[in-house]
Amino acid sequence: MNIKKILKELTLEEKASLCSGADFWHTKSVDRLAIPQIMVSDGPHGLRKNDETAETPNTAIKAVCFPSACALACSFDRNLLTTMGKALGEECQAENVAVILGPGCNIKRSPLCGRNFEYFSEDPYLSSEIAAAHIKGVQSRGVGSSLKHFAANNQETRRLSVNAKIDERALREIYLASFEGAVKNASPWTVMCSYNRVNGHHSSQNKKLLTDVLRKEWGYEDLVVSDWGAVDDRVEGIKAGLDLEMPASFGKNDKLIVDAVNKGKLSMKQLDKCVERVLRLVDKAEESRTEGKWDKDAHHELAAKIASQCSVLLKNDDGILPLDAKKKICFIGKFADKPRYQGGGSSHINSFKVVSAMDAVKDYCNVDYAQGYITEKDETDKKLLNEAVSCAKKNDIAVIFAGLPDAFESEAYDRKHMRMPECQLELIREVAKVNKNIVVVLHNGSPVEVPFMDDIKGLLEVYLGGQAVGKATCNLLFGKVNPSGKLAESWPLKLEDNPSYLSFPGVGDDLEYTEGIFVGYRYYDTKKMAVRFPFGYGLSYTTFEYSDMHISASEINDDDTLTVSCTIKNTGSCEGMEIVELYVRDKESSVVRPFKELKGFEKVSLRPGESKKIAFNLDKRAFAYYETAINDWFVEYGEFEIMIGASSRDIRLTGSVYVNTDKKLPVQFTFNSTLQDIMSCPEGKEMFADLFDRYCKTMDWANGDGLGEGSKELVMAMIKDTPIRGLLCYDDRPEINRVWLGEMLERLNSMLEG
Ligand code: BGC
């Protein structure tokens, strides 16, 4: 496609028309210039392509439902995500879908967000790495991804209008960072803006997000599409960098664009930029079209493999797992037979088959089954409960399949609490009275309170594991696969512990992110709070030993890359995979920083007795925080601790590095700068030495006993915190006045600038 030529030939009306969809899933064509339309579809963990031949509208074609993002992130496995992405890309090619809408990499600010199951993590580094791997897989097949929802769509309540007020550091270090890595490392063909407002401006017309940060700072050159129906003011959107509005707005917004150009309120140049990006996307999609073929059954098997590498073993007392198939085992709970394996909303896949644990267990042994509870409402069915209790009584081991029913979490609304249905809790309590060997398997998209921890011996979190979840679960329960997932989010003991508790979901459209950068483990670890399960936690059927930490230098400059390595050994008796996590802490900082932050992770597969060396490269970003005074990332010189561990609360190896920098933050002293600040700057100390001395002398009344014991400390503290303007009142020389001080400060500031 000769885009430059086409741009010259398109009429204004045609240009405007290209900036919105033809319908729900297609871009518009311009036949006279041979511009075809392309199709986009949801995403993200399967293909939800509209079946246009179906009798009922909004029916999706049969496809494969892979595990949801909440599970995928627990694999901490970039290769696995890329493999899944490739499979999705193949399905898209076969179905003539040019762009698959996903992945979503919004941060899990609260366990209550109804859409947490579609997001990866509370940690931006993990989230962006996993998202990038997913995108790379999809795009390697010549199909585009749409990284969504940019940005700060961290709740469903009033998602189309809520104004997320986020301070700059939290925005950069947490919410945008999750997108930044994925944009820079994987170049998604499209980025989807979110519904909400961010600091007062709708994301669909937020120039700071769509142009200043995404394009100018991160170098993104491709298309921004609106979330479906996110457009507020279309003309402002074009100006801010929103290229494509989806779905169709029936020509209404196209007309506004034409009018705005005609009235000189929008320049043709601004419109052309958006049109060009639409054309480039269409062109790329057309160029990348291939005759796609895909094997449903192979993808189903892949979904099973992926699910088994995402599940997290959270408790395993007395080695109850793996299960001994020779024992008498029962499966209790509706989810054993009808698993909850995906969430509701736009990501819902019309799975071509679903394998439950009851189906899959046949490969291992016969088990008794009792439904135990209903999911339609939270009410105990006495008959089902009694059946389950007698079933548990007759068996050596009871595996209870529990979790959140569909109505408890979904796109479009948030959870109100973190509890599981009371009818399920009652079931676990009653079964525990007759059987001491209980394993609970959880199906949920986000953490739940688990009041039954003391009543059970095993806990396997499978999250929403996709259509093959039953097979994956049985393979894990019976030890054919060794659990290797770790939590991509902290599990607080109770909802009230979560840092966003007091400001989620806001009041009306007013939503203040009061916890700032302290999201998830950044908060719990800094506050040394007990949690139910820490970020990065997960057990295995084998054990691993961490040793030989090596740091490539004891001192580096902030632009250098540091290499940290260590050796991991499988010290148990079965093969397994270990996720090794690297955290960094600034030991002394002039700004408030989290106690530790994840800056690297690797997953390593080891046979019994085998060891492998793994290495991490840390660049400037691993040590930096976002400094608002310079609107950039900044590393403060000093010592940083490097921690390598099996979870955020299980650090096995530590070391440190001294980071130097020749960059300085701009200093501007004012009348209100404290003596401490000014005297700790060498130039300031020299300039004000005399004044300071005289002032200290006037403070010698502290030597009397008028101020009580400890008066020395009191006076020292008062001196430190006195603003420099305060000195004028204690100096009897008339020339030492405010004008003089103003000139001195100006001189000092210009010396520092120079
Ligand atoms: C969702 C998007 C989705 C789109 C198309 C929106 O409501 O927020 O994630 O891709 O619909 O279905």
# chains A, B, ... in the order shown; residues from 1 in each chain; ligands from 1
>>> closest_atom_pairs(of="chain A", to="ligand 1", cutoff="7 Å", atoms="only C-alpha atoms and all ligand atoms", output="CSV")
residue,atom,partner,partner_atom_place_in_ligand_line,distance
A:Asp42,CA,ligand 1,10 (O),5.3
A:Gly43,CA,ligand 1,10 (O),6.8
A:Leu101,CA,ligand 1,10 (O),5.1
A:Gly102,CA,ligand 1,10 (O),6.9
A:Lys148,CA,ligand 1,9 (O),6.9
A:His149,CA,ligand 1,9 (O),7.0
A:Asp227,CA,ligand 1,6 (C),5.6
A:Trp228,CA,ligand 1,11 (O),4.9
A:Ser346,CA,ligand 1,12 (O),4.6
>>> residues_around(residues="segment 470-476 of chain A", least_positions_apart="5", cutoff="10 Å", atoms="only C-alpha atoms", output="number ranges by chain")
A: 301, 303-313, 321-323, 335-339, 341, 354-364, 441, 460-462, 465, 481-484, 541
>>> write_last_selection(atoms="N, CA and C atoms", output="tab-separated table (two decimals), in the first residue's frame")
chain	number	residue	atom	x	y	z
A	301	GLU	N	-4.32	-29.59	24.32
A	301	GLU	CA	-3.24	-30.20	25.12
A	301	GLU	C	-2.28	-29.12	25.62
A	303	ALA	N	-3.13	-26.09	26.28
A	303	ALA	CA	-3.84	-25.40	27.37
A	303	ALA	C	-3.67	-26.17	28.68
A	304	ALA	N	-3.68	-27.51	28.59
A	304	ALA	CA	-3.51	-28.34	29.79
A	304	ALA	C	-2.10	-28.18	30.34
A	305	LYS	N	-1.13	-28.19	29.43
A	305	LYS	CA	0.27	-28.06	29.86
A	305	LYS	C	0.48	-26.69	30.53
A	306	ILE	N	-0.05	-25.67	29.90
A	306	ILE	CA	0.14	-24.32	30.46
A	306	ILE	C	-0.51	-24.24	31.84
A	307	ALA	N	-1.74	-24.75	31.94
A	307	ALA	CA	-2.45	-24.67	33.23
A	307	ALA	C	-1.65	-25.37	34.33
A	308	SER	N	-1.02	-26.48	33.98
A	308	SER	CA	-0.30	-27.21	35.02
A	308	SER	C	0.95	-26.45	35.47
A	309	GLN	N	1.42	-25.52	34.64
A	309	GLN	CA	2.60	-24.76	35.05
A	309	GLN	C	2.25	-23.41	35.68
A	310	CYS	N	0.96	-23.17	35.80
A	310	CYS	CA	0.51	-21.90	36.40
A	310	CYS	C	-0.03	-22.10	37.81
A	311	SER	N	-0.49	-23.31	38.10
A	311	SER	CA	-1.14	-23.52	39.40
A	311	SER	C	-0.12	-23.39	40.52
A	312	VAL	N	-0.61	-22.95	41.68
A	312	VAL	CA	0.30	-22.68	42.79
A	312	VAL	C	-0.07	-23.57	43.98
A	313	LEU	N	0.90	-24.33	44.42
A	313	LEU	CA	0.69	-25.16	45.61
A	313	LEU	C	0.95	-24.27	46.84
A	321	LEU	N	0.10	-34.33	49.43
A	321	LEU	CA	0.23	-34.32	47.97
A	321	LEU	C	1.66	-34.70	47.62
A	322	PRO	N	1.92	-35.35	46.51
A	322	PRO	CA	0.93	-35.87	45.57
A	322	PRO	C	0.08	-36.99	46.16
A	323	LEU	N	-1.14	-37.13	45.66
A	323	LEU	CA	-2.06	-38.13	46.20
A	323	LEU	C	-1.59	-39.53	45.84
A	335	PHE	N	-17.36	-27.75	41.45
A	335	PHE	CA	-16.29	-27.38	40.51
A	335	PHE	C	-15.44	-28.59	40.07
A	336	ALA	N	-15.55	-29.72	40.78
A	336	ALA	CA	-14.82	-30.92	40.35
A	336	ALA	C	-15.43	-31.44	39.05
A	337	ASP	N	-16.73	-31.24	38.93
A	337	ASP	CA	-17.44	-31.75	37.76
A	337	ASP	C	-17.67	-30.66	36.72
A	338	LYS	N	-17.93	-29.46	37.22
A	338	LYS	CA	-18.18	-28.30	36.32
A	338	LYS	C	-17.22	-27.20	36.77
A	339	PRO	N	-15.98	-27.26	36.31
A	339	PRO	CA	-14.99	-26.30	36.82
A	339	PRO	C	-15.32	-24.87	36.44
A	341	TYR	N	-13.56	-22.11	35.02
A	341	TYR	CA	-12.24	-22.07	34.39
A	341	TYR	C	-11.97	-20.78	33.63
A	354	VAL	N	-14.49	-28.99	27.37
A	354	VAL	CA	-14.01	-28.67	28.72
A	354	VAL	C	-13.72	-30.00	29.42
A	355	VAL	N	-12.55	-30.07	30.01
A	355	VAL	CA	-12.22	-31.30	30.75
A	355	VAL	C	-12.22	-30.98	32.24
A	356	SER	N	-13.08	-31.66	32.96
A	356	SER	CA	-13.18	-31.44	34.41
A	356	SER	C	-12.25	-32.40	35.13
A	357	ALA	N	-12.08	-32.15	36.41
A	357	ALA	CA	-11.24	-33.07	37.20
A	357	ALA	C	-11.91	-34.45	37.25
A	358	MET	N	-13.25	-34.48	37.28
A	358	MET	CA	-13.93	-35.77	37.29
A	358	MET	C	-13.65	-36.55	36.00
A	359	ASP	N	-13.57	-35.82	34.88
A	359	ASP	CA	-13.22	-36.51	33.62
A	359	ASP	C	-11.79	-37.04	33.70
A	360	ALA	N	-10.90	-36.17	34.15
A	360	ALA	CA	-9.47	-36.48	34.05
A	360	ALA	C	-9.00	-37.50	35.08
A	361	VAL	N	-9.69	-37.57	36.20
A	361	VAL	CA	-9.20	-38.45	37.27
A	361	VAL	C	-9.28	-39.92	36.86
A	362	LYS	N	-10.10	-40.20	35.85
A	362	LYS	CA	-10.24	-41.59	35.38
A	362	LYS	C	-8.89	-42.17	34.95
A	363	ASP	N	-7.97	-41.33	34.55
A	363	ASP	CA	-6.64	-41.81	34.17
A	363	ASP	C	-5.83	-42.27	35.38
A	364	TYR	N	-6.29	-41.93	36.56
A	364	TYR	CA	-5.52	-42.28	37.76
A	364	TYR	C	-6.20	-43.33	38.64
A	441	VAL	N	-8.91	-27.46	46.39
A	441	VAL	CA	-8.48	-26.94	45.09
A	441	VAL	C	-9.32	-25.69	44.83
A	460	LEU	N	-4.32	-26.17	46.75
A	460	LEU	CA	-3.80	-25.96	45.39
A	460	LEU	C	-4.63	-24.87	44.73
A	461	GLU	N	-3.98	-23.77	44.37
A	461	GLU	CA	-4.67	-22.64	43.72
A	461	GLU	C	-4.51	-22.81	42.22
A	462	VAL	N	-5.63	-23.08	41.53
A	462	VAL	CA	-5.50	-23.23	40.07
A	462	VAL	C	-6.02	-22.00	39.33
A	465	GLY	N	-8.25	-21.76	35.21
A	465	GLY	CA	-7.20	-22.49	34.49
A	465	GLY	C	-7.48	-22.86	33.06
A	481	VAL	N	2.79	-34.06	37.21
A	481	VAL	CA	3.49	-32.77	37.02
A	481	VAL	C	3.75	-32.19	38.40
A	482	ASN	N	4.93	-31.67	38.57
A	482	ASN	CA	5.30	-31.05	39.85
A	482	ASN	C	4.87	-29.58	39.84
A	483	PRO	N	4.11	-29.13	40.84
A	483	PRO	CA	3.67	-27.73	40.83
A	483	PRO	C	4.87	-26.78	40.77
A	484	SER	N	4.71	-25.73	39.96
A	484	SER	CA	5.85	-24.80	39.83
A	484	SER	C	5.42	-23.35	39.75
A	541	TYR	N	6.95	-30.19	44.92
A	541	TYR	CA	7.13	-31.52	45.54
A	541	TYR	C	8.61	-31.82	45.77
>>> residues_around(residues="segment 202-218 of chain A", least_positions_apart="5", cutoff="8 Å", atoms="only C-alpha atoms", output="list in words")
Phe150, Ala151, Ser161, Asn163, Glu180, Val183, Lys184, Cys193, Ser194, Tyr195, Asn196, Arg197, Val224, Ser226, Ala230, Val231, Asp232, Asp233, Arg234, Glu236, Gly237, Ile238, Lys239, Ala240, Gly241 and Leu242 of chain A
>>> residues_around(residues="segment 725-739 of chain A", least_positions_apart="5", cutoff="8 Å", atoms="only C-alpha atoms", output="ChimeraX atom specification")
/A:671-672,691-692,694-695,698
>>> write_last_selection(atoms="N, CA, C and O atoms", output="compact mmCIF listing (two decimals), in the first residue's frame")
# COMPACT_ATOMS: atom_id res chain seq x y z
N PHE A 671 13.63 31.05 50.86
CA PHE A 671 13.62 31.59 52.22
C PHE A 671 13.23 30.53 53.24
O PHE A 671 13.56 30.61 54.41
N ASN A 672 12.48 29.51 52.76
CA ASN A 672 11.99 28.49 53.69
C ASN A 672 12.84 27.23 53.71
O ASN A 672 12.49 26.25 54.36
N LEU A 691 26.76 33.68 59.39
CA LEU A 691 25.39 33.88 59.86
C LEU A 691 24.97 32.73 60.78
O LEU A 691 24.38 32.93 61.85
N PHE A 692 25.33 31.53 60.36
CA PHE A 692 24.96 30.33 61.10
C PHE A 692 25.61 30.31 62.49
O PHE A 692 24.97 30.03 63.50
N ARG A 694 26.70 32.87 64.28
CA ARG A 694 26.07 33.88 65.14
C ARG A 694 24.74 33.36 65.68
O ARG A 694 24.40 33.54 66.85
N TYR A 695 24.03 32.69 64.80
CA TYR A 695 22.72 32.17 65.20
C TYR A 695 22.88 31.13 66.31
O TYR A 695 22.20 31.16 67.33
N THR A 698 23.42 32.62 69.62
CA THR A 698 22.22 33.17 70.29
C THR A 698 21.40 32.06 70.93
O THR A 698 20.51 32.33 71.73
>>> select_by_dssp(residues="segment 387-464 of chain A", states="helix (DSSP H, G or I)", output="PyMOL selection string")
chain A and resi 387-394+406-408+422-434+453-455
>>> closest_residue(among="A:Glu683, A:Lys433, A:Gly609, A:Thr722", to="Cys696 of chain A", atoms="only C-alpha atoms")
A:Thr722
>>> closest_atom_pairs(of="segment 514-549 of chain A", to="segment 74-77 of chain A", cutoff="10 Å", atoms="only C-alpha atoms", output="CSV")
residue,atom,partner,partner_atom,distance
A:Gly536,CA,A:Cys74,CA,8.2
A:Tyr537,CA,A:Cys74,CA,9.5
A:Gly538,CA,A:Cys74,CA,9.1
>>> write_last_selection(atoms="all heavy atoms", output="JSON list (two decimals), in the first residue's frame")
[["chain", "number", "residue", "atom", "x", "y", "z"],
["A", 536, "GLY", "N", 4.95, -13.95, 45.22],
["A", 536, "GLY", "CA", 6.06, -14.81, 44.77],
["A", 536, "GLY", "C", 6.16, -16.14, 45.48],
["A", 536, "GLY", "O", 7.14, -16.87, 45.30],
["A", 537, "TYR", "N", 5.12, -16.49, 46.26],
["A", 537, "TYR", "CA", 5.19, -17.71, 47.06],
["A", 537, "TYR", "C", 4.56, -18.89, 46.34],
["A", 537, "TYR", "O", 3.53, -18.76, 45.69],
["A", 537, "TYR", "CB", 4.45, -17.46, 48.38],
["A", 537, "TYR", "CG", 4.21, -18.69, 49.24],
["A", 537, "TYR", "CD1", 5.23, -19.19, 50.05],
["A", 537, "TYR", "CD2", 2.98, -19.33, 49.24],
["A", 537, "TYR", "CE1", 5.01, -20.32, 50.84],
["A", 537, "TYR", "CE2", 2.75, -20.45, 50.04],
["A", 537, "TYR", "CZ", 3.76, -20.94, 50.83],
["A", 537, "TYR", "OH", 3.55, -22.04, 51.61],
["A", 538, "GLY", "N", 5.15, -20.06, 46.46],
["A", 538, "GLY", "CA", 4.57, -21.28, 45.92],
["A", 538, "GLY", "C", 5.45, -22.46, 46.26],
["A", 538, "GLY", "O", 6.67, -22.34, 46.29]]
